[in-house]
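Q: Before we start, here is the structure in question, set down as structure tokens.
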Amino acid sequence: MARTKEFDPDAALQSALELFWQRGYEATSMADLVEHLGIGRASIYATFGNKRDLYLKALDRYGESHNPVLLRELSQPGPALPAVRAVVRRFAAEAMDDTRRTAGCFVTNTAAELAPHDSAAARRVELSWEHVETLLHSALLRAQARGELSEERDPRALARMLLVLMQGLRVVGKASNDPARVRDAAEQALALLD
């Protein structure tokens, strides 16, 4: 007879996500995961696979929880350009928020730590960035169709620039104690939408 799991795999995955997000992949040991999740090593392996497998599942979970928020923000009815501006300003505010800034963005952290040498992590990062870029591009196309954005602007190039800016805001926000650096960069980028 198969044993019943004595823990909630969904809650354990969320807890692993939080630990990996806070510490990173390399700095999180299996012993850390056992202690933080409150479940045995054998149960972690049986449910999630090895540490890398668990990390990739946590990264997938992060995307599942954050992508719908961005989709909702950028797909609102009405003017599109204010929504784009609000998203960029939210990223900047989060990058400057002392309670969030040191954690950064889990995708950005993965891009810096694992993507250069882990193809599965790199694929997930690229998919996340493609998703964000597509949402921005769609919003900018709507803005252009509504006359909010000049016909001379290239919505795809602007979406790519905003994606890079937003990821950069997360990186700089983690390392800088100067909120003006992040705020000014965001506002200068948004001025390109005028």
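Residue names in the structure tokens use chain letters A, B, ... in the order shown, residue numbers from 1 in each chain, and ligand numbers from 1 in the order shown.
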Can you tell me which residues surround Ser43 in chain A at a distance of at most 12 Å, considering only C-alpha atoms, apart from same-chain residues fewer than 3 positions away, and format the answer as a list in words?
A: Arg3, Thr4, Lys5, Glu6, Phe7, Asp8, Pro9, Ala12, Met30, Leu33, Val34, Leu37, Gly38, Ile39, Gly40, Ala46, Thr47, Phe48, Gly49, Asn50 and Leu54 of chain A
Q: Residues near range 178-190 of chain A, anyone? I mean within 9 Å using only C-alpha atoms, not counting same-chain ones fewer than 3 positions away, as a list in words.
A: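 The residues satisfying every condition are Val84, Arg85, Val88, Arg89, Phe91, Ala92, Ala93, Ala95, Met96, Asp97, Met161, Leu162, Leu165, Met166, Gly168, Leu169, Arg170, Val172, Gly173, Leu193 and Asp194 of chain A.
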Q: Just give me the gap between CA of Leu56 in chain A and CA of Phe20 in chain A in Å, one decimal is fine.
A: 10.2 Å
Q: Please provide the set of residues having any atom within 10 Å of range 110-116 of chain A, restricted to only C-alpha atoms, with same-chain residues fewer than 2 positions apart removed, written as a list in words.
A: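 Neighbouring residues, sequence-local ones excluded: Phe20, Trp21, Gly24, Tyr25, Glu26, Tyr55, Leu56, Leu59, Cys105, Phe106, Val107, Thr108, Asp118, Ser119, Ala120, Ala121, Ala122, Arg123, Arg124, Val125, Glu126, Gln167 and Val171 of chain A.
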Q: Could you tell me how far CA of Arg41 in chain A lies from CA of Lys57 in chain A, in Å and to one decimal?
A: 16.6 Å
Q: Considering only helix (DSSP H, G or I) as DSSP defines it on the backbone, what residues of range 39-165 of chain A qualify? List them as a ChimeraX atom specification.
A: /A:41-48,51-74,81-96,106-113,119-145,155-165
Q: Store the residues of this selection in a file with C-alpha atoms, as a CSV table (one decimal), in the first residue's frame.
A:
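Full text of out-v2.csv as output:
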chain,number,residue,atom,x,y,z
A,41,ARG,CA,15.0,14.7,2.0
A,42,ALA,CA,13.5,11.4,0.6
A,43,SER,CA,10.1,13.1,0.4
A,44,ILE,CA,11.6,16.1,-1.5
A,45,TYR,CA,13.3,13.7,-4.0
A,46,ALA,CA,10.2,11.5,-4.3
A,47,THR,CA,7.9,14.5,-4.9
A,48,PHE,CA,10.0,17.1,-6.8
A,51,LYS,CA,17.5,20.3,-6.1
A,52,ARG,CA,17.7,21.5,-9.7
A,53,ASP,CA,14.4,19.9,-10.5
A,54,LEU,CA,12.8,21.6,-7.5
A,55,TYR,CA,14.3,24.9,-8.5
A,56,LEU,CA,13.0,24.7,-12.0
A,57,LYS,CA,9.5,23.8,-10.7
A,58,ALA,CA,9.7,26.8,-8.3
A,59,LEU,CA,10.7,29.1,-11.3
A,60,ASP,CA,7.7,27.8,-13.2
A,61,ARG,CA,5.5,28.5,-10.2
A,62,TYR,CA,6.9,32.1,-10.0
A,63,GLY,CA,5.9,32.6,-13.7
A,64,GLU,CA,2.4,31.2,-13.1
A,65,SER,CA,1.8,33.6,-10.3
A,66,HIS,CA,3.3,36.8,-11.7
A,67,ASN,CA,2.4,36.6,-15.4
A,68,PRO,CA,-1.3,36.9,-14.9
A,69,VAL,CA,-0.8,40.1,-12.9
A,70,LEU,CA,1.1,41.7,-15.7
A,71,LEU,CA,-1.4,40.5,-18.3
A,72,ARG,CA,-4.2,42.0,-16.3
A,73,GLU,CA,-2.3,45.3,-15.9
A,74,LEU,CA,-1.5,45.6,-19.6
A,81,LEU,CA,-0.1,53.9,-22.7
A,82,PRO,CA,-1.1,54.8,-19.0
A,83,ALA,CA,-1.1,51.1,-18.3
A,84,VAL,CA,2.4,50.7,-19.7
A,85,ARG,CA,3.6,53.6,-17.7
A,86,ALA,CA,2.0,52.2,-14.6
A,87,VAL,CA,3.8,48.9,-15.0
A,88,VAL,CA,7.2,50.4,-15.5
A,89,ARG,CA,6.6,52.7,-12.5
A,90,ARG,CA,5.5,49.6,-10.4
A,91,PHE,CA,8.7,47.8,-11.4
A,92,ALA,CA,10.7,50.9,-10.3
A,93,ALA,CA,8.8,51.2,-7.0
A,94,GLU,CA,9.3,47.6,-6.2
A,95,ALA,CA,13.0,47.9,-7.0
A,96,MET,CA,13.3,50.7,-4.5
A,106,PHE,CA,13.3,35.5,-9.3
A,107,VAL,CA,13.6,35.4,-13.1
A,108,THR,CA,16.3,38.1,-13.2
A,109,ASN,CA,18.1,36.3,-10.4
A,110,THR,CA,18.0,33.1,-12.4
A,111,ALA,CA,19.2,34.9,-15.5
A,112,ALA,CA,22.3,36.1,-13.7
A,113,GLU,CA,23.0,32.9,-11.7
A,119,SER,CA,20.0,25.5,-20.7
A,120,ALA,CA,16.7,24.6,-18.9
A,121,ALA,CA,16.9,27.7,-16.7
A,122,ALA,CA,17.9,29.8,-19.7
A,123,ARG,CA,14.9,28.5,-21.7
A,124,ARG,CA,12.6,29.5,-18.8
A,125,VAL,CA,14.1,32.9,-18.5
A,126,GLU,CA,13.8,33.5,-22.2
A,127,LEU,CA,10.1,32.3,-22.2
A,128,SER,CA,9.4,34.7,-19.3
A,129,TRP,CA,11.1,37.6,-21.1
A,130,GLU,CA,9.3,36.8,-24.4
A,131,HIS,CA,6.0,36.8,-22.5
A,132,VAL,CA,6.7,40.2,-20.9
A,133,GLU,CA,7.9,41.6,-24.2
A,134,THR,CA,4.8,40.3,-26.0
A,135,LEU,CA,2.5,41.9,-23.4
A,136,LEU,CA,4.3,45.2,-23.7
A,137,HIS,CA,4.3,45.1,-27.5
A,138,SER,CA,0.6,44.4,-27.6
A,139,ALA,CA,-0.1,47.3,-25.3
A,140,LEU,CA,2.1,49.6,-27.3
A,141,LEU,CA,0.4,48.5,-30.6
A,142,ARG,CA,-3.0,49.3,-29.0
A,143,ALA,CA,-1.6,52.7,-27.8
A,144,GLN,CA,-0.4,53.4,-31.4
A,145,ALA,CA,-3.8,52.4,-32.9
A,155,PRO,CA,6.3,49.3,-30.7
A,156,ARG,CA,8.5,46.1,-30.9
A,157,ALA,CA,11.7,48.0,-30.2
A,158,LEU,CA,10.1,50.0,-27.4
A,159,ALA,CA,8.8,46.8,-25.8
A,160,ARG,CA,12.3,45.3,-25.9
A,161,MET,CA,13.8,48.5,-24.5
A,162,LEU,CA,11.2,48.5,-21.6
A,163,LEU,CA,11.8,44.8,-20.9
A,164,VAL,CA,15.6,45.4,-20.6
A,165,LEU,CA,14.9,48.5,-18.5
Q: One decimal, in Å: what's the spacing between CA of Asp32 in chain A and CA of Leu17 in chain A?
A: 12.5 Å
